[in-house]
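Containing compact mmCIF, C-alpha atoms: final-v1.txt.
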# COMPACT_ATOMS: atom_id res chain seq x y z
CA MET G 245 -4.52 8.42 24.04
CA THR G 246 -4.67 4.65 24.24
CA ALA G 247 -1.60 2.65 25.19
CA ILE G 248 -1.31 -1.05 24.53
CA SER G 249 1.66 -2.58 26.25
CA ALA G 250 2.83 -6.04 27.10
CA THR G 251 5.76 -7.66 28.81
CA THR G 252 8.92 -6.75 26.95
CA PRO G 253 12.49 -7.93 27.31
CA ALA G 254 14.84 -6.02 29.57
CA PRO G 255 15.28 -2.45 28.34
CA LEU G 256 18.23 -1.70 26.13
CA PRO G 257 20.44 1.13 27.35
CA ARG G 258 19.79 3.68 24.65
CA GLU G 259 16.50 4.71 23.09
CA HIS G 260 15.67 7.44 20.70
CA VAL G 261 12.57 8.53 18.87
CA VAL G 262 12.52 8.41 15.09
CA VAL G 263 10.00 10.92 13.76
CA VAL G 264 8.24 9.78 10.58
CA ASN G 265 4.88 11.60 10.33
CA GLU G 266 3.43 10.07 7.19
CA PRO G 267 0.20 8.24 6.33
CA VAL G 268 0.42 4.52 6.96
CA LEU G 269 -0.86 4.01 3.42
CA ALA G 270 1.59 6.49 1.87
CA GLN G 271 3.36 3.87 -0.21
CA GLN G 272 0.11 2.38 -1.47
CA ARG G 273 -1.01 5.84 -2.47
CA GLU G 274 2.17 6.33 -4.47
CA VAL G 275 1.38 3.13 -6.36
CA ALA G 276 -2.16 4.38 -6.92
CA GLN G 277 -0.96 7.75 -8.15
CA ASP G 278 1.44 6.07 -10.55
CA LEU G 279 -1.37 3.90 -11.92
CA ARG G 280 -3.60 6.94 -12.35
CA SER G 281 -0.88 8.89 -14.14
CA ARG G 282 -0.12 6.04 -16.51
CA CYS G 283 -3.79 5.56 -17.35
CA THR G 284 -4.27 9.30 -17.81
CA ALA G 285 -1.39 9.36 -20.27
CA ARG G 286 -3.09 6.59 -22.23
CA GLY G 287 -6.49 8.28 -22.18
CA ILE G 288 -8.04 5.60 -19.98
CA LEU G 289 -10.69 6.55 -17.45
CA VAL G 290 -10.35 4.36 -14.37
CA VAL G 291 -13.59 3.81 -12.46
CA ASN G 292 -13.62 2.29 -8.99
CA LEU G 293 -17.03 0.67 -8.63
CA VAL G 294 -18.02 0.16 -4.99
CA SER G 295 -21.15 -1.00 -3.21
CA SER G 296 -22.56 -3.43 -0.69
CA PRO G 297 -22.61 -7.05 -1.84
CA GLY G 298 -25.37 -7.64 -4.34
CA ALA G 299 -26.09 -4.04 -5.32
CA GLY G 300 -25.58 -4.85 -9.00
CA LYS G 301 -22.02 -3.90 -9.94
CA THR G 302 -21.56 -6.79 -12.34
CA SER G 303 -25.00 -6.33 -13.87
CA LEU G 304 -24.28 -2.64 -14.38
CA LEU G 305 -21.08 -3.47 -16.22
CA GLU G 306 -22.90 -5.98 -18.40
CA ALA G 307 -25.53 -3.37 -19.22
CA THR G 308 -22.80 -0.80 -19.94
CA ALA G 309 -21.11 -3.12 -22.42
CA ARG G 310 -24.44 -3.92 -24.07
CA HIS G 311 -25.26 -0.21 -24.37
CA TRP G 312 -21.96 0.81 -25.93
CA LYS G 313 -21.52 -2.35 -27.98
CA ASN G 314 -18.21 -1.70 -29.73
CA ARG G 315 -18.23 2.06 -29.40
CA TYR G 316 -15.61 2.02 -26.67
CA ARG G 317 -13.01 -0.48 -25.55
CA LEU G 318 -13.70 -1.64 -22.01
CA ALA G 319 -11.68 -3.68 -19.55
CA VAL G 320 -12.34 -4.76 -16.00
CA LEU G 321 -10.51 -5.95 -12.91
CA VAL G 322 -12.90 -7.97 -10.79
CA GLY G 323 -12.30 -8.16 -7.06
CA ASP G 324 -13.81 -10.98 -5.06
CA LEU G 325 -13.08 -12.72 -1.79
CA ALA G 326 -13.44 -16.08 -3.50
CA THR G 327 -14.49 -17.52 -6.87
CA ASP G 328 -14.26 -15.91 -10.29
CA ARG G 329 -17.99 -16.01 -10.99
CA ASP G 330 -18.34 -12.30 -11.74
CA ALA G 331 -15.24 -12.39 -13.94
CA GLN G 332 -16.73 -15.30 -15.88
CA ARG G 333 -19.89 -13.28 -16.51
CA LEU G 334 -17.93 -10.31 -17.81
CA ALA G 335 -15.25 -12.15 -19.78
CA PRO G 336 -17.39 -12.49 -22.95
CA LEU G 337 -17.97 -8.72 -22.95
CA MET G 338 -14.54 -7.25 -22.23
CA PRO G 339 -10.97 -8.17 -21.28
CA THR G 340 -11.19 -9.32 -17.68
CA ALA G 341 -8.71 -10.06 -14.90
CA GLN G 342 -9.68 -11.63 -11.62
CA LEU G 343 -8.38 -10.23 -8.33
CA THR G 344 -9.06 -12.78 -5.63
CA THR G 345 -8.34 -11.35 -2.22
CA GLY G 346 -8.32 -14.65 -0.37
CA GLY G 347 -10.75 -13.39 2.20
CA ALA G 348 -9.57 -9.79 2.48
CA CYS G 349 -12.43 -7.32 2.47
CA HIS G 350 -11.04 -4.78 0.02
CA LEU G 351 -8.65 -4.23 -2.87
CA GLU G 352 -5.35 -2.40 -2.52
CA ALA G 353 -3.38 -0.56 -5.18
CA PRO G 354 -0.48 -3.07 -5.41
CA LEU G 355 -2.98 -5.86 -6.12
CA VAL G 356 -4.62 -3.72 -8.80
CA ALA G 357 -1.19 -3.06 -10.31
CA ARG G 358 -0.53 -6.78 -10.51
CA GLY G 359 -3.95 -7.32 -12.05
CA LEU G 360 -3.23 -4.73 -14.70
CA GLN G 361 -0.19 -6.70 -15.80
CA ALA G 362 -2.57 -9.54 -16.68
CA LEU G 363 -4.44 -7.16 -18.99
CA GLU G 364 -1.36 -5.89 -20.81
CA PRO G 365 -1.16 -4.68 -23.45
CA LEU G 366 -3.89 -2.56 -21.93
CA GLU G 367 -5.74 -1.03 -24.84
CA CYS G 368 -9.00 0.38 -23.60
CA ASP G 369 -10.89 3.61 -23.08
CA PHE G 370 -12.52 2.68 -19.79
CA LEU G 371 -11.00 0.49 -17.09
CA PHE G 372 -13.43 -0.59 -14.41
CA VAL G 373 -12.30 -1.91 -11.05
CA GLU G 374 -15.17 -3.87 -9.57
CA ASN G 375 -14.31 -3.70 -5.90
CA VAL G 376 -15.19 -6.25 -3.25
CA GLY G 377 -18.77 -5.72 -2.08
CA ASN G 378 -18.26 -3.70 1.09
CA LEU G 379 -19.01 -0.07 1.92
CA VAL G 380 -16.52 0.18 4.80
CA CYS G 381 -13.01 -1.08 4.12
CA PRO G 382 -12.62 -0.15 0.41
CA ALA G 383 -13.36 3.48 1.31
CA SER G 384 -9.84 4.00 2.67
CA HIS G 385 -7.98 2.64 -0.34
CA ASP G 386 -7.08 4.70 -3.39
CA LEU G 387 -6.77 2.24 -6.27
CA GLY G 388 -5.58 4.75 -8.83
CA GLU G 389 -9.07 5.59 -10.00
CA HIS G 390 -10.12 8.85 -11.59
CA VAL G 391 -13.65 8.48 -10.30
CA ARG G 392 -15.31 6.44 -7.62
CA ALA G 393 -18.91 5.43 -8.29
CA VAL G 394 -20.91 4.06 -5.38
CA LEU G 395 -23.93 1.88 -6.13
CA LEU G 396 -26.91 1.86 -3.82
CA SER G 397 -29.73 -0.48 -4.73
CA VAL G 398 -33.28 0.47 -3.83
CA THR G 399 -33.64 -2.68 -1.72
CA GLU G 400 -30.97 -1.45 0.70
CA GLY G 401 -32.68 1.58 2.21
CA ASP G 402 -32.45 5.26 1.42
CA ASP G 403 -30.71 6.10 4.70
CA LYS G 404 -27.52 4.26 3.82
CA PRO G 405 -25.22 7.17 2.88
CA GLY G 406 -25.23 8.54 6.42
CA LYS G 407 -24.33 5.11 7.77
CA TYR G 408 -21.27 4.84 5.55
CA PRO G 409 -20.08 8.44 5.39
CA LYS G 410 -16.50 7.86 4.31
CA MET G 411 -17.46 5.93 1.20
CA PHE G 412 -20.04 8.48 0.12
CA ARG G 413 -17.80 11.42 1.00
CA LEU G 414 -15.06 10.08 -1.28
CA SER G 415 -17.32 9.19 -4.22
CA GLN G 416 -18.08 11.42 -7.17
CA LEU G 417 -21.16 9.56 -8.34
CA LEU G 418 -24.09 7.89 -6.60
CA VAL G 419 -25.71 5.25 -8.80
CA ILE G 420 -29.10 4.15 -7.53
CA SER G 421 -29.66 0.69 -8.96
CA LYS G 422 -32.48 -1.86 -9.36
CA LEU G 423 -34.89 0.92 -10.24
CA ASP G 424 -37.44 -1.63 -11.48
CA LEU G 425 -37.99 -2.73 -7.88
CA LEU G 426 -38.84 0.75 -6.69
CA PRO G 427 -42.64 0.19 -6.67
CA HIS G 428 -42.17 -2.72 -4.28
CA VAL G 429 -39.92 -1.20 -1.63
CA PRO G 430 -40.12 1.79 0.73
CA PHE G 431 -37.23 3.66 -0.86
CA SER G 432 -37.18 7.35 -1.70
CA VAL G 433 -34.73 8.32 -4.42
CA THR G 434 -35.00 11.93 -3.29
CA ALA G 435 -34.22 11.04 0.32
CA ALA G 436 -31.22 8.90 -0.67
CA ILE G 437 -29.74 11.72 -2.75
CA ALA G 438 -30.40 14.25 0.01
CA ASP G 439 -28.71 11.98 2.57
CA ALA G 440 -25.69 11.51 0.30
CA ARG G 441 -25.42 15.27 -0.23
CA LEU G 442 -25.26 15.90 3.50
CA ILE G 443 -22.03 13.90 3.33
CA GLN G 444 -20.79 15.07 -0.07
CA PRO G 445 -22.58 18.12 -1.47
CA GLN G 446 -20.89 17.77 -4.87
CA ILE G 447 -21.88 14.16 -5.50
CA ASP G 448 -23.65 13.50 -8.82
CA HIS G 449 -26.34 10.87 -9.15
CA ARG G 450 -27.81 8.58 -11.76
CA GLU G 451 -30.67 6.12 -11.43
CA VAL G 452 -30.41 2.88 -13.36
CA CYS G 453 -31.90 -0.52 -13.97
CA ALA G 454 -29.52 -2.98 -15.55
CA VAL G 455 -32.38 -5.38 -16.37
CA THR G 456 -34.61 -2.96 -18.31
CA GLY G 457 -31.82 -0.64 -19.43
CA GLU G 458 -33.49 2.39 -17.84
CA GLY G 459 -30.95 5.08 -17.04
CA ILE G 460 -28.02 3.21 -18.57
CA ALA G 461 -27.57 5.80 -21.31
CA ALA G 462 -27.37 8.58 -18.72
CA TRP G 463 -24.80 6.61 -16.71
CA CYS G 464 -22.75 6.05 -19.85
CA ASP G 465 -22.99 9.75 -20.72
CA TRP G 466 -21.62 10.57 -17.29
CA LEU G 467 -18.69 8.23 -17.88
CA GLU G 468 -18.01 9.77 -21.30
CA PHE G 469 -17.97 13.23 -19.76
CA ALA G 470 -15.58 12.09 -17.04
CA ARG G 471 -13.29 10.59 -19.66
CA GLN G 472 -13.21 13.86 -21.54
CA ARG G 473 -11.53 15.40 -18.51
CA VAL G 474 -8.91 12.64 -18.56
CA LEU G 475 -8.28 13.20 -22.27
CA HIS G 476 -7.94 16.90 -21.58
CA ASP G 477 -5.42 16.23 -18.82
CA ALA G 478 -3.50 13.84 -21.06
CA ALA G 479 -3.34 16.45 -23.84
CA ALA G 480 -2.21 19.11 -21.37
CA ALA G 481 0.54 16.81 -20.09
CA ARG G 482 1.77 16.23 -23.64
CA SER G 483 1.63 19.90 -24.56
CA PRO G 484 5.02 21.60 -24.95
CA ALA G 485 3.41 24.59 -23.23
CA SER G 486 3.42 22.71 -19.95
CA PRO G 487 7.04 21.81 -19.27
CA GLY G 488 7.55 19.22 -16.60
CA ALA G 489 4.04 17.89 -17.04
CA SER G 490 5.10 14.82 -18.97
CA VAL G 491 3.95 11.45 -17.70
CA SER G 492 6.04 8.36 -18.21
CA MET H 82 -11.80 -5.88 8.72
CA HIS H 83 -9.04 -3.83 7.16
CA GLU H 84 -7.48 -2.90 10.48
CA ARG H 85 -5.15 -5.89 10.18
CA SER H 86 -4.17 -4.78 6.70
CA LEU H 87 -3.32 -1.33 8.05
CA VAL H 88 -1.27 -2.86 10.85
CA LEU H 89 0.67 -4.94 8.34
CA ASN H 90 1.35 -1.83 6.25
CA LEU H 91 2.45 0.00 9.41
CA LEU H 92 4.84 -2.76 10.48
CA ARG H 93 6.23 -3.13 6.96
CA ARG H 94 7.03 0.58 6.88
CA VAL H 95 8.66 0.58 10.31
CA THR H 96 10.71 -2.45 9.28
CA GLU H 97 11.91 -0.60 6.18
CA LEU H 98 12.93 2.34 8.32
CA THR H 99 14.89 0.19 10.76
CA VAL H 100 16.57 -2.22 8.39
CA GLU H 101 19.79 -0.23 8.13
CA ARG H 102 20.00 0.70 11.78
CA GLY H 103 21.90 -2.36 12.92
CA PRO H 104 21.11 -4.35 16.06
CA GLY H 105 18.25 -3.03 18.14
CA ARG H 106 14.53 -3.21 18.48
CA VAL H 107 11.41 -1.08 18.25
CA THR H 108 9.97 -0.48 21.71
CA GLU H 109 7.12 1.85 20.83
CA ILE H 110 5.13 2.92 17.78
CA ASP H 111 3.15 6.13 17.88
CA VAL H 112 0.23 6.53 15.47
CA GLU H 113 -2.44 9.14 14.89
CA VAL H 114 -5.96 7.94 14.11
CA GLY H 115 -8.50 10.43 12.84
CA ASP H 116 -12.17 10.23 13.71
CA PHE H 117 -12.84 9.87 9.97
CA ALA H 118 -10.08 7.35 9.32
CA GLY H 119 -12.62 4.59 8.91
CA ILE H 120 -11.14 2.19 11.41
CA GLU H 121 -12.17 0.74 14.73
CA VAL H 122 -9.38 1.57 17.17
CA ASP H 123 -9.90 -1.48 19.38
CA LEU H 124 -9.67 -3.77 16.37
CA PHE H 125 -6.56 -1.95 15.21
CA ALA H 126 -4.93 -2.36 18.62
CA SER H 127 -5.94 -5.99 18.78
CA ALA H 128 -4.47 -6.69 15.34
CA PHE H 129 -1.30 -4.84 16.35
CA ALA H 130 -0.92 -6.94 19.51
CA GLN H 131 -1.39 -10.12 17.52
CA GLU H 132 1.03 -9.19 14.74
CA THR H 133 3.78 -8.06 17.10
CA SER H 134 3.58 -10.94 19.55
CA GLU H 135 6.29 -12.93 17.79
CA ALA H 136 9.78 -12.35 16.40
CA PRO H 137 11.16 -10.18 15.03
CA TRP H 138 8.89 -7.97 17.09
CA CYS H 139 9.22 -7.80 20.88
CA ARG H 140 5.75 -6.58 21.76
CA PRO H 141 6.33 -2.86 21.26
CA THR H 142 3.95 -0.46 22.92
CA LEU H 143 1.34 1.07 20.62
CA GLN H 144 0.43 4.67 21.31
CA ILE H 145 -2.73 5.82 19.58
CA ARG H 146 -3.50 9.51 19.43
CA ARG H 147 -7.08 10.26 18.42
CA VAL H 148 -7.72 13.43 16.48
CA LYS H 149 -10.93 15.15 15.42
CA LEU H 150 -11.96 15.58 11.85
CA ARG H 151 -10.70 18.98 10.71
CA ALA H 152 -11.77 21.03 7.73
CA GLU H 153 -11.15 24.38 6.13
CA CYS H 154 -14.32 26.41 5.59
CA VAL H 155 -14.07 28.86 2.69
CA ASP H 156 -15.56 31.60 4.88
CA CYS H 157 -14.57 30.73 8.44
CA GLY H 158 -11.18 29.05 8.03
CA PRO H 159 -10.18 25.99 10.08
CA VAL H 160 -13.03 24.23 11.89
CA GLU H 161 -13.50 20.96 13.77
CA LEU H 162 -16.36 18.77 12.63
CA THR H 163 -18.39 16.46 14.82
CA GLY H 164 -20.94 13.77 14.19
CA MET H 165 -19.85 13.18 10.59
CA ARG H 166 -21.80 16.22 9.46
CA PHE H 167 -19.89 18.02 6.74
CA VAL H 168 -21.30 21.40 7.61
CA CYS H 169 -19.37 24.34 9.03
CA PRO H 170 -20.38 24.60 12.71
CA THR H 171 -20.05 28.38 12.51
CA CYS H 172 -21.74 29.45 9.27
CA GLY H 173 -23.48 26.30 8.04
CA SER H 174 -21.56 26.22 4.77
CA THR H 175 -20.94 22.90 3.05
CA GLU H 176 -17.97 24.35 1.15
CA LEU H 177 -15.43 22.50 3.23
CA GLU H 178 -12.10 20.97 2.47
CA ILE H 179 -11.03 18.16 4.76
CA CYS H 180 -7.55 18.89 6.09
CA GLY H 181 -7.01 16.33 8.83
CA GLY H 182 -8.49 13.62 10.98
CA ASP H 183 -9.35 11.39 8.03
CA ASP H 184 -6.32 9.14 8.07
CA VAL H 185 -4.05 6.82 10.03
CA ARG H 186 -0.55 8.26 10.31
CA LEU H 187 2.71 6.83 11.56
CA LEU H 188 4.01 9.65 13.73
CA SER H 189 7.16 8.08 15.16
CA PHE H 190 8.71 5.00 16.65
CA THR H 191 11.21 4.45 19.42
CA TRP H 192 14.38 2.58 18.53
CA ALA H 193 16.37 0.94 21.31
CA THR H 194 19.92 -0.18 20.86
CA ALA H 195 22.57 -1.70 23.05
CA SER H 196 25.20 0.42 21.37
CA GLU H 197 26.37 3.56 23.08
CA GLU H 198 26.45 5.20 19.72
CA LEU H 199 23.00 6.04 18.42
CA SER H 200 22.42 5.04 14.85

What do you get writing this file as structure tokens?
Amino acid sequence: MTAISATTPAPLPREHVVVVNEPVLAQQREVAQDLRSRCTARGILVVNLVSSPGAGKTSLLEATARHWKNRYRLAVLVGDLATDRDAQRLAPLMPTAQLTTGGACHLEAPLVARGLQALEPLECDFLFVENVGNLVCPASHDLGEHVRAVLLSVTEGDDKPGKYPKMFRLSQLLVISKLDLLPHVPFSVTAAIADARLIQPQIDHREVCAVTGEGIAAWCDWLEFARQRVLHDAAAARSPASPGASVS
Amino acid sequence: MHERSLVLNLLRRVTELTVERGPGRVTEIDVEVGDFAGIEVDLFASAFAQETSEAPWCRPTLQIRRVKLRAECVDCGPVELTGMRFVCPTCGSTELEICGGDDVRLLSFTWATASEELS
């Protein structure tokens, strides 16, 4: 146990302990769960896209929009410490809202909720949340996503999952990006996947190159499959056979 | 550095819980930090000291209880994990469900009042 104490005013005569026993982020998680439920009810798959800075999140979203063209309706919330450069790149391709954290290293559910208001009326099939580039702090924050996809570019090193276990443990998909650079760097796709699976044995993986388009179809297929589960859940919630399952 | 953000969430919650208690002050806050919570305890404590150094706070004591990462193995039941390896230390299974030690929890706080009648 660590105790941090400092000089305090003279003690008051009566003290008592108020037991709480709840996660510090309990209220944020309620906001996140509400967001998730509302998006489920509308058949929207919410994807929290996380990575180190520069792993290719924005490029992947551009390639995704190019691949699907108008097949699906996409929208994105773009988190950045400063500037709206990524949002400007994506704005021609899909409805976009900027979330500027003002220096904070991660997004939190209340900020995402405010960003969603900027996208209303939200009419989309896939809502991407492009998180701040950081593999540490965003790991602890549920943003209301259905799936968390973690990008790892081949220039970063195949031993990264073990260095950032919480992020990889809480992700459902590992996307290995910048595949076109693979011949030029000492990166083993097999080793990266194996390292990630030591942390999260159930993690799926896709390998992509946003520049050449390699692997983008497989990534999009994975997203479509994930959305099917959301549509199934939405239908189940609407079904009269499941009383009490309605979502407002 | 999201430790400061966590501290602000912690203090906001404690404030909510004390707002209807009348005159008094918080003298101690007791938190649990899991090994897999994803925070640096010294940074958390430092942010706490900074955020509580001015009114309305009166430098409450921060008690931090560290807890190991705990999981439920499908074959062996509850186990403690070490070294961020998500493998059952008894049977080697990776079929584990995390059941503790992955979060920061507000356990309790101490409320001091001048009134003889506890609120």

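Omitting stretch 94-99 of chain H and its sequence neighbours fewer than 2 positions away, and counting only C-alpha atoms, the residues within 9 Å are Val268 and Gln271 of chain G; Leu89, Asn90, Leu91, Leu92, Glu101, Arg102, Gly103, Gly105, Arg106, Val107, Ile110, Leu187, Phe190 and Trp192 of chain H.
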
For those residues, write C-alpha atoms to a file as a compact mmCIF listing (two decimals), keeping the file's coordinate frame.
# COMPACT_ATOMS: atom_id res chain seq x y z
CA VAL G 268 0.42 4.52 6.96
CA GLN G 271 3.36 3.87 -0.21
CA LEU H 89 0.67 -4.94 8.34
CA ASN H 90 1.35 -1.83 6.25
CA LEU H 91 2.45 0.00 9.41
CA LEU H 92 4.84 -2.76 10.48
CA GLU H 101 19.79 -0.23 8.13
CA ARG H 102 20.00 0.70 11.78
CA GLY H 103 21.90 -2.36 12.92
CA GLY H 105 18.25 -3.03 18.14
CA ARG H 106 14.53 -3.21 18.48
CA VAL H 107 11.41 -1.08 18.25
CA ILE H 110 5.13 2.92 17.78
CA LEU H 187 2.71 6.83 11.56
CA PHE H 190 8.71 5.00 16.65
CA TRP H 192 14.38 2.58 18.53

Requested in this report: Write out as a ChimeraX atom specification which residues come within 7 Å of H:Thr194 when counting only C-alpha atoms, dropping same-chain ones fewer than 3 positions away.
Outcome: /G:256-259 /H:104-106

Within 6 Å of chain G: residues of chain H, using all atoms listed in the file, as a ChimeraX atom specification: /H:83,91,142-146,167,185-195

For a test of reading the model, state the distance in Å between atom CA of G:Ala393 and atom CA of G:Asn292, rounded to one decimal.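 Computing the Euclidean distance for atom CA of G:Ala393 and atom CA of G:Asn292 yields 6.2 Å.
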
Counting only C-alpha atoms, the option among G:Ala307, G:Leu396, G:Val275, G:Leu337 closest to G:Pro354: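 Of G:Ala307, G:Leu396, G:Val275, G:Leu337, the one nearest G:Pro354, counting only C-alpha atoms, is G:Val275.
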
So that I can check the surroundings of stretch 120-131 of chain H, please list as an mmCIF file with C-alpha atoms, in the frame of the given file every protein, DNA and RNA residue that reaches within 6 Å of it, counting all atoms listed in the file and ignoring chain neighbours fewer than 5 positions away.
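Everything below was put into result_24.cif:
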data_model
loop_
_atom_site.group_PDB
_atom_site.id
_atom_site.type_symbol
_atom_site.label_atom_id
_atom_site.label_comp_id
_atom_site.auth_asym_id
_atom_site.auth_seq_id
_atom_site.Cartn_x
_atom_site.Cartn_y
_atom_site.Cartn_z
ATOM 1 C CA GLU H 84 -7.480 -2.900 10.480
ATOM 2 C CA ARG H 85 -5.150 -5.890 10.180
ATOM 3 C CA VAL H 88 -1.270 -2.860 10.850
#

One decimal place gives the atom CA of G:Ser421-atom CA of G:Gly287 separation as 27.7 Å

Expressed in Å, the length from atom CA of H:Glu135 to atom CA of H:Arg93 is 14.6 Å

Between H:Cys172, H:Val100, H:Ile179, H:Val114, smallest distance to H:Arg151 by all atoms listed in the file belongs to H:Ile179

Subject >> Cut-off 12 Å around (-3.9, -6.1, -17.5) with all atoms listed in the file: residues as a ChimeraX atom specification >> reply: /G:279,283,318-322,338-343,355-368,371-373

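Within 9 Å of the point (-39.5, -1.0, -1.0), counting all atoms listed in the file, the protein and nucleic acid residues come to Val398, Thr399, Glu400, Gly401, Leu425, Leu426, Pro427, His428, Val429, Pro430, Phe431 and Ser432 of chain G.
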
For G:Arg286: contacts at 12 Å, all atoms listed in the file, fewer than 6 positions along chain excluded, given as a list in words: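 Counting all atoms listed in the file, the residues come to Leu279, Arg280, Pro365, Leu366, Glu367, Cys368, Asp369, Phe370, Leu371, Arg471, Val474, Leu475, His476, Asp477, Ala478, Ala479, Ala481, Arg482, Val491 and Ser492 of chain G.
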
Can you list, as JSON, numbers by chain, every protein, DNA or RNA residue that comes within 10 Å of G:Cys464 when you count all atoms listed in the file, leaving out same-chain residues fewer than 3 positions away?
{"G": [307, 308, 309, 311, 312, 450, 459, 460, 461, 467, 468, 469, 470]}

Take the residues that were just selected and, keeping C-alpha atoms, output them as a short mmCIF file (atom, residue, chain, number, x, y, z; two decimals), keeping the file's coordinate frame.
data_model
loop_
_atom_site.label_atom_id
_atom_site.label_comp_id
_atom_site.auth_asym_id
_atom_site.auth_seq_id
_atom_site.Cartn_x
_atom_site.Cartn_y
_atom_site.Cartn_z
CA ALA G 307 -25.53 -3.37 -19.22
CA THR G 308 -22.80 -0.80 -19.94
CA ALA G 309 -21.11 -3.12 -22.42
CA HIS G 311 -25.26 -0.21 -24.37
CA TRP G 312 -21.96 0.81 -25.93
CA ARG G 450 -27.81 8.58 -11.76
CA GLY G 459 -30.95 5.08 -17.04
CA ILE G 460 -28.02 3.21 -18.57
CA ALA G 461 -27.57 5.80 -21.31
CA LEU G 467 -18.69 8.23 -17.88
CA GLU G 468 -18.01 9.77 -21.30
CA PHE G 469 -17.97 13.23 -19.76
CA ALA G 470 -15.58 12.09 -17.04
#

- Task: Using all atoms listed in the file, find the one residue out of G:Val294, G:Leu334, G:Ile447, G:Ala435 that sits nearest to G:Leu418.
- Result: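 That would be G:Ile447, the residue with the smallest distance to G:Leu418.
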
Would you fill out stretch 274-285 of chain G with N, CA, C and O atoms and return it as a PDB file, in the frame of the given file?
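After the write, rebuild03.pdb holds the following:
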ATOM      1  N   GLU G 274       1.225   6.049  -3.378  1.00  0.00           N
ATOM      2  CA  GLU G 274       2.170   6.330  -4.470  1.00  0.00           C
ATOM      3  C   GLU G 274       1.934   5.368  -5.630  1.00  0.00           C
ATOM      4  O   GLU G 274       1.965   5.763  -6.794  1.00  0.00           O
ATOM      5  N   VAL G 275       1.692   4.114  -5.310  1.00  0.00           N
ATOM      6  CA  VAL G 275       1.380   3.130  -6.360  1.00  0.00           C
ATOM      7  C   VAL G 275       0.112   3.542  -7.090  1.00  0.00           C
ATOM      8  O   VAL G 275       0.042   3.501  -8.325  1.00  0.00           O
ATOM      9  N   ALA G 276      -0.887   3.955  -6.317  1.00  0.00           N
ATOM     10  CA  ALA G 276      -2.160   4.380  -6.920  1.00  0.00           C
ATOM     11  C   ALA G 276      -1.969   5.588  -7.824  1.00  0.00           C
ATOM     12  O   ALA G 276      -2.514   5.645  -8.933  1.00  0.00           O
ATOM     13  N   GLN G 277      -1.184   6.539  -7.353  1.00  0.00           N
ATOM     14  CA  GLN G 277      -0.960   7.750  -8.150  1.00  0.00           C
ATOM     15  C   GLN G 277      -0.218   7.416  -9.439  1.00  0.00           C
ATOM     16  O   GLN G 277      -0.506   7.989 -10.508  1.00  0.00           O
ATOM     17  N   ASP G 278       0.709   6.495  -9.353  1.00  0.00           N
ATOM     18  CA  ASP G 278       1.440   6.070 -10.550  1.00  0.00           C
ATOM     19  C   ASP G 278       0.487   5.401 -11.552  1.00  0.00           C
ATOM     20  O   ASP G 278       0.544   5.681 -12.756  1.00  0.00           O
ATOM     21  N   LEU G 279      -0.387   4.544 -11.052  1.00  0.00           N
ATOM     22  CA  LEU G 279      -1.370   3.900 -11.920  1.00  0.00           C
ATOM     23  C   LEU G 279      -2.250   4.945 -12.608  1.00  0.00           C
ATOM     24  O   LEU G 279      -2.511   4.886 -13.807  1.00  0.00           O
ATOM     25  N   ARG G 280      -2.711   5.895 -11.824  1.00  0.00           N
ATOM     26  CA  ARG G 280      -3.600   6.940 -12.350  1.00  0.00           C
ATOM     27  C   ARG G 280      -2.883   7.750 -13.432  1.00  0.00           C
ATOM     28  O   ARG G 280      -3.442   8.038 -14.488  1.00  0.00           O
ATOM     29  N   SER G 281      -1.636   8.088 -13.165  1.00  0.00           N
ATOM     30  CA  SER G 281      -0.880   8.890 -14.140  1.00  0.00           C
ATOM     31  C   SER G 281      -0.671   8.129 -15.432  1.00  0.00           C
ATOM     32  O   SER G 281      -0.810   8.688 -16.526  1.00  0.00           O
ATOM     33  N   ARG G 282      -0.356   6.829 -15.292  1.00  0.00           N
ATOM     34  CA  ARG G 282      -0.120   6.040 -16.510  1.00  0.00           C
ATOM     35  C   ARG G 282      -1.395   5.880 -17.314  1.00  0.00           C
ATOM     36  O   ARG G 282      -1.374   5.932 -18.550  1.00  0.00           O
ATOM     37  N   CYS G 283      -2.513   5.698 -16.627  1.00  0.00           N
ATOM     38  CA  CYS G 283      -3.790   5.560 -17.350  1.00  0.00           C
ATOM     39  C   CYS G 283      -4.206   6.896 -17.959  1.00  0.00           C
ATOM     40  O   CYS G 283      -4.744   6.935 -19.078  1.00  0.00           O
ATOM     41  N   THR G 284      -3.969   7.984 -17.251  1.00  0.00           N
ATOM     42  CA  THR G 284      -4.270   9.300 -17.810  1.00  0.00           C
ATOM     43  C   THR G 284      -3.504   9.505 -19.108  1.00  0.00           C
ATOM     44  O   THR G 284      -4.060   9.947 -20.125  1.00  0.00           O
ATOM     45  N   ALA G 285      -2.225   9.166 -19.079  1.00  0.00           N
ATOM     46  CA  ALA G 285      -1.390   9.360 -20.270  1.00  0.00           C
ATOM     47  C   ALA G 285      -1.889   8.549 -21.451  1.00  0.00           C
ATOM     48  O   ALA G 285      -1.680   8.930 -22.608  1.00  0.00           O
TER      49      ALA G 285
END
